[in-house]
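Trainee: Take a look at the following structure, please.
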Amino acid sequence: MPGSTLPRHYPGSAGAVLGLRQNLAQFMLLVTVNALVGGTIGQERTVLPLLASQTFHLDLYTSALTYILAFGLSKAAMNYFAGTLSDRYGRKPVLVTGWLVAIPVPLMLIFGPSWGWIVAANVFLGVSQGLTWSTAVIMKMDLTGPKRRGLAMGLNEAAGYLGVAVTALATGYIASAYGLRPGPFLLGAAYIALGLGLSVLTVRETHHHARTEASQHVSTHRSAHAGLTTGQVFTLTSFKDRSLSAASQAGLVNNLNDGLAWGLFPVLFVSSGLSLNQVGILAAVYPAVWGAGQLFTGAASDRWGRKWFIVAGMIVQAAGLAIVASSHSFGPWLIAAVLLGLGTAMVYPALLAAIGDVSHPTWRARSVGVYRLWRDGGFAIGALLSGLLADLYGIPTAIATVAALTAASGLVVAVRMRGNDHMTG
């Protein structure tokens, strides 16, 4: 579809006011919604790897990680379409649709008689996450405008991943007390009902804020002008623009290592003698530090720039993964989880803000969608790569390999990304 204009049928675009403070009530409502979005994925983080091995008796890591592959592919695809659909039809309808798609997920996880049902549930979950999380990001960018974009993304991602962390911890305790099914997934069902209700009844459309910003926007680079088609936005974000493409590859590698952590860490920890409660703590600490850290790192990147936060964050992640690969007990793994969360907190909001810095408001939603296509494609690649390596050489070797890839990705950002994009636009 041509990408040069936004739809004209949203009322009030001329009177839309940009800014975090000016739109605080609606912004914080969207923060709450995104915490619930994070909670729907958090219901799986501790429990599903154990469900694969203990309930369905899947011996090969590659087979057990098929649910992450299914989740990553479906979420990545929906990230791409979420941007295009929200430009065409508005943000709120896409957000509501994402919650509706999530409704079958807890039921399939609770009652699924075979592993195929669990994989299918993760297809639905990936579609839902792609629509809801992407749209929450886009709506916050719409409301905030360019000056506080890093802070806005930090708050958004903090809410989502604190939702993941709290739910991962809670489901670990629920599973240890009541079993792997159905208790942990009832919590996810409650999140979905609340998220859908808030989105239908209280969230307001924000597309007219993007129209207001577009009327004031000055392109940062000649290739980033308003009149781009969707295909041109894809190639610019993926390959042509130095900053956009550097962010896209870093996002992919970041979620590649997160897919590994999601799928293999609980199995490694249990096989080393840790209790289910300890596994739940480790599964929660990583996204908790990730989530809380973004309250500071997003705003800091507004002040000091995106590039070196991203580079440093990838190196810190690599160090955390190396400690996991070389350790055998709870204490070092707890330190590694903190490092992994801290490094990801440095990277995540800065990458999203970097996309917003360069992209034009008329196609920013689509550029965010393309970035998130690559980023969450990392889940699928991580599941395949780490599963194959773990089956062939063992889990520590798989983790060490991904640690090296993560460090290399940080070096790519150091070489390729421009350093001053956050100062423009």
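Chain identifiers are assigned as A, B, and so on, following the order in which chains appear in the structure tokens; residues are numbered from 1 within each chain, and ligands are numbered from 1 in order of appearance.
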Would you mind writing down, as an MDAnalysis selection string, each residue of range 192-380 of chain A that DSSP on the backbone assigns to alpha helix (DSSP H)?

Mentor: chainID A and resid 192:201 207:216 230:235 242:271 276:304 307:326 330:358 364:380

Trainee: Of the candidates A:Lys140, A:Arg306, A:Arg372, A:His208, which shows the shortest atom-to-atom distance to Ser74 in chain A, using only C-alpha atoms?

Mentor: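 Among the listed residues, A:Arg372 lies closest to Ser74 in chain A.
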
Trainee: Leu30 in chain A: which residues within 9 Å, counting only C-alpha atoms, same-chain residues fewer than 5 positions away excluded, as a list in words?

Mentor: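 The contact residues come out as Ala25, Ala35, Ala136, Val137, Met139, Lys140, Asn156, Ser199 and Val203 of chain A.
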
Trainee: Please produce an output containing N, CA and C atoms for each residue in the selection, written as a short mmCIF file (atom, residue, chain, number, x, y, z; two decimals), in the first residue's frame.

Mentor:
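Wrote selection-v3.cif, looks like this:
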```cif
data_model
loop_
_atom_site.label_atom_id
_atom_site.label_comp_id
_atom_site.auth_asym_id
_atom_site.auth_seq_id
_atom_site.Cartn_x
_atom_site.Cartn_y
_atom_site.Cartn_z
N ALA A 25 -2.54 10.55 31.45
CA ALA A 25 -3.55 9.57 31.86
C ALA A 25 -3.67 8.44 30.83
N ALA A 35 1.62 -4.04 30.67
CA ALA A 35 1.99 -4.96 31.75
C ALA A 35 1.18 -6.25 31.67
N ALA A 136 0.81 -1.08 21.36
CA ALA A 136 1.08 -0.29 22.56
C ALA A 136 2.31 0.58 22.37
N VAL A 137 3.36 0.04 21.73
CA VAL A 137 4.56 0.82 21.43
C VAL A 137 4.22 2.00 20.53
N MET A 139 1.36 3.47 19.94
CA MET A 139 0.48 4.46 20.55
C MET A 139 1.24 5.36 21.50
N LYS A 140 2.20 4.81 22.23
CA LYS A 140 2.99 5.65 23.14
C LYS A 140 3.88 6.60 22.35
N ASN A 156 7.29 1.81 28.66
CA ASN A 156 6.51 0.77 28.00
C ASN A 156 7.14 -0.61 28.19
N SER A 199 -8.94 -2.26 27.12
CA SER A 199 -8.70 -1.80 25.75
C SER A 199 -9.99 -1.38 25.06
N VAL A 203 -9.25 2.72 26.41
CA VAL A 203 -8.17 3.19 25.52
C VAL A 203 -8.77 4.01 24.39
#
```

Trainee: Measuring atom to atom with only C-alpha atoms, identify which of A:Leu256, A:Ala354, A:Leu276, A:Ala299 is nearest to Gln317 in chain A.

Mentor: A:Leu256

Trainee: Please provide as a PDB file with N, CA and C atoms, in the first residue's frame all residues within 7 Å of range 127-132 of chain A, with the sequence filter that same-chain residues fewer than 2 positions apart are discarded (counting only C-alpha atoms).

Mentor:
```pdb
ATOM      1  N   VAL A  37      -0.107  -7.419  28.865  1.00  0.00           N
ATOM      2  CA  VAL A  37       0.421  -8.112  27.691  1.00  0.00           C
ATOM      3  C   VAL A  37       1.641  -8.942  28.080  1.00  0.00           C
ATOM      4  N   SER A  74       5.136 -16.502  14.476  1.00  0.00           N
ATOM      5  CA  SER A  74       3.830 -15.847  14.404  1.00  0.00           C
ATOM      6  C   SER A  74       3.888 -14.427  14.943  1.00  0.00           C
ATOM      7  N   LYS A  75       4.654 -14.212  16.012  1.00  0.00           N
ATOM      8  CA  LYS A  75       4.767 -12.860  16.551  1.00  0.00           C
ATOM      9  C   LYS A  75       5.515 -11.941  15.595  1.00  0.00           C
ATOM     10  N   ALA A  76       6.586 -12.458  15.007  1.00  0.00           N
ATOM     11  CA  ALA A  76       7.356 -11.648  14.064  1.00  0.00           C
ATOM     12  C   ALA A  76       6.490 -11.212  12.893  1.00  0.00           C
ATOM     13  N   MET A  78       3.203 -10.941  12.775  1.00  0.00           N
ATOM     14  CA  MET A  78       2.173 -10.000  13.205  1.00  0.00           C
ATOM     15  C   MET A  78       2.748  -8.639  13.557  1.00  0.00           C
ATOM     16  N   ASN A  79       3.983  -8.589  14.048  1.00  0.00           N
ATOM     17  CA  ASN A  79       4.627  -7.290  14.260  1.00  0.00           C
ATOM     18  C   ASN A  79       4.637  -6.478  12.973  1.00  0.00           C
ATOM     19  N   ALA A  82       1.067  -5.502  12.081  1.00  0.00           N
ATOM     20  CA  ALA A  82       0.460  -4.579  13.046  1.00  0.00           C
ATOM     21  C   ALA A  82       0.712  -3.132  12.653  1.00  0.00           C
ATOM     22  N   VAL A  94      -6.648  -2.590  16.204  1.00  0.00           N
ATOM     23  CA  VAL A  94      -5.596  -3.609  16.173  1.00  0.00           C
ATOM     24  C   VAL A  94      -5.307  -4.114  17.585  1.00  0.00           C
ATOM     25  N   LEU A  95      -5.276  -3.200  18.554  1.00  0.00           N
ATOM     26  CA  LEU A  95      -5.042  -3.587  19.953  1.00  0.00           C
ATOM     27  C   LEU A  95      -6.136  -4.530  20.448  1.00  0.00           C
ATOM     28  N   GLY A  98      -5.915  -7.997  18.975  1.00  0.00           N
ATOM     29  CA  GLY A  98      -4.865  -8.789  19.606  1.00  0.00           C
ATOM     30  C   GLY A  98      -5.326  -9.473  20.877  1.00  0.00           C
ATOM     31  N   TRP A  99      -6.098  -8.780  21.685  1.00  0.00           N
ATOM     32  CA  TRP A  99      -6.620  -9.400  22.904  1.00  0.00           C
ATOM     33  C   TRP A  99      -7.633 -10.499  22.582  1.00  0.00           C
ATOM     34  N   VAL A 101      -7.648 -12.465  20.032  1.00  0.00           N
ATOM     35  CA  VAL A 101      -6.908 -13.647  19.565  1.00  0.00           C
ATOM     36  C   VAL A 101      -6.338 -14.441  20.741  1.00  0.00           C
ATOM     37  N   ALA A 102      -6.047 -13.758  21.858  1.00  0.00           N
ATOM     38  CA  ALA A 102      -5.426 -14.423  23.013  1.00  0.00           C
ATOM     39  C   ALA A 102      -6.395 -15.289  23.809  1.00  0.00           C
ATOM     40  N   VAL A 123       1.141 -20.293  18.666  1.00  0.00           N
ATOM     41  CA  VAL A 123       0.852 -19.541  17.440  1.00  0.00           C
ATOM     42  C   VAL A 123      -0.149 -18.437  17.747  1.00  0.00           C
ATOM     43  N   PHE A 124      -1.235 -18.778  18.440  1.00  0.00           N
ATOM     44  CA  PHE A 124      -2.216 -17.769  18.848  1.00  0.00           C
ATOM     45  C   PHE A 124      -1.577 -16.710  19.740  1.00  0.00           C
ATOM     46  N   LEU A 125      -0.737 -17.158  20.687  1.00  0.00           N
ATOM     47  CA  LEU A 125      -0.104 -16.214  21.599  1.00  0.00           C
ATOM     48  C   LEU A 125       0.835 -15.266  20.842  1.00  0.00           C
ATOM     49  N   SER A 134       3.051  -4.472  19.848  1.00  0.00           N
ATOM     50  CA  SER A 134       3.453  -3.514  18.809  1.00  0.00           C
ATOM     51  C   SER A 134       2.579  -2.274  18.844  1.00  0.00           C
ATOM     52  N   THR A 135       1.283  -2.481  18.990  1.00  0.00           N
ATOM     53  CA  THR A 135       0.360  -1.346  18.974  1.00  0.00           C
ATOM     54  C   THR A 135       0.546  -0.473  20.205  1.00  0.00           C
ATOM     55  N   ALA A 136       0.814  -1.084  21.359  1.00  0.00           N
ATOM     56  CA  ALA A 136       1.080  -0.287  22.563  1.00  0.00           C
ATOM     57  C   ALA A 136       2.315   0.585  22.369  1.00  0.00           C
TER      58      ALA A 136
END
```

Trainee: For Ile355 in chain A, please output as a PyMOL selection string all residues within 9 Å (counting only C-alpha atoms; exclusion window: fewer than 2 positions along the same chain).

Mentor: chain A and resi 237+243-244+247-248+350-353+357-359+364+367-368+371

Trainee: Would you list the contacts of range 172-174 of chain A as a PyMOL selection string, taking every protein, DNA or RNA residue within 8 Å and counting only C-alpha atoms, but skipping same-chain residues closer than 5 positions in sequence?

Mentor: chain A and resi 46-47+179-180+183-184+276-277+279-281

Trainee: Generate the output file for the selected residues, N, CA and C atoms, as a compact mmCIF listing (two decimals), in the first residue's frame.

Mentor:
```txt
# COMPACT_ATOMS: atom_id res chain seq x y z
N THR A 46 8.27 -20.03 33.16
CA THR A 46 8.76 -21.05 34.09
C THR A 46 8.20 -22.43 33.76
N VAL A 47 6.95 -22.48 33.35
CA VAL A 47 6.20 -23.73 33.34
C VAL A 47 6.37 -24.54 32.05
N GLY A 179 0.79 -27.94 40.94
CA GLY A 179 1.06 -28.69 39.72
C GLY A 179 1.19 -27.77 38.51
N LEU A 180 1.71 -28.34 37.42
CA LEU A 180 1.98 -27.55 36.21
C LEU A 180 0.71 -27.10 35.50
N GLY A 183 -3.31 -24.47 37.26
CA GLY A 183 -3.17 -23.25 38.05
C GLY A 183 -2.43 -22.10 37.40
N PRO A 184 -1.19 -22.31 36.89
CA PRO A 184 -0.45 -21.17 36.33
C PRO A 184 -1.17 -20.46 35.19
N LEU A 276 12.04 -26.17 42.04
CA LEU A 276 11.14 -25.43 41.16
C LEU A 276 11.03 -23.97 41.60
N ASN A 277 11.05 -23.73 42.91
CA ASN A 277 11.01 -22.36 43.40
C ASN A 277 12.26 -21.59 42.99
N VAL A 279 14.13 -22.21 40.37
CA VAL A 279 14.01 -21.98 38.93
C VAL A 279 13.09 -20.80 38.66
N GLY A 280 11.99 -20.72 39.41
CA GLY A 280 11.07 -19.59 39.26
C GLY A 280 11.74 -18.27 39.60
N ILE A 281 12.59 -18.26 40.63
CA ILE A 281 13.31 -17.04 41.00
C ILE A 281 14.23 -16.61 39.87
```

Trainee: Residues near Met28 in chain A, anyone? I mean within 10 Å using only C-alpha atoms, not counting same-chain ones fewer than 5 positions away, as JSON, numbers by chain.

Mentor: {"A": [20, 23, 33, 34, 140, 155, 156, 159]}

Trainee: Please compute the CA of Ser301 in chain A-CA of Met346 in chain A distance, one decimal, in Å.

Mentor: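 Between CA of Ser301 in chain A and CA of Met346 in chain A the gap is 8.7 Å.
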
Trainee: What is the distance between CA of Ile315 in chain A and CA of Gly126 in chain A, in Å to one decimal?

Mentor: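 Computing the Euclidean distance for CA of Ile315 in chain A and CA of Gly126 in chain A yields 28.0 Å.
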
Trainee: Using only C-alpha atoms, pick whichever of A:Gly251, A:Gly19, A:Gly197, A:Pro113 has the shortest atom-to-atom distance to Trp374 in chain A.

Mentor: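 Residue with the minimum atom-to-atom distance to Trp374 in chain A: A:Gly251.
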
Trainee: Kindly give the distance, in Å, that separates CA of Ser63 in chain A and CA of Ala284 in chain A, rounded to a single decimal.

Mentor: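 These two atoms are separated by 24.3 Å.
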
Trainee: Check the smallest atom-to-atom distance from each of A:Thr97, A:Ser238, A:Asn122, A:Thr32 to Leu73 in chain A using only C-alpha atoms, then report the winner.

Mentor: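 Smallest distance to Leu73 in chain A is found for A:Asn122.
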
Trainee: Using only C-alpha atoms, which of A:Ala318, A:Gly150, A:Leu24, A:Leu198 sits nearest Arg303 in chain A?

Mentor: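 Closest to Arg303 in chain A, using only C-alpha atoms: A:Gly150.
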
Trainee: Given the choices A:Ile138, A:Leu342, A:Val415, A:Ala177, which gets closest to Gly90 in chain A if the distance is worked out from only C-alpha atoms?

Mentor: A:Ile138
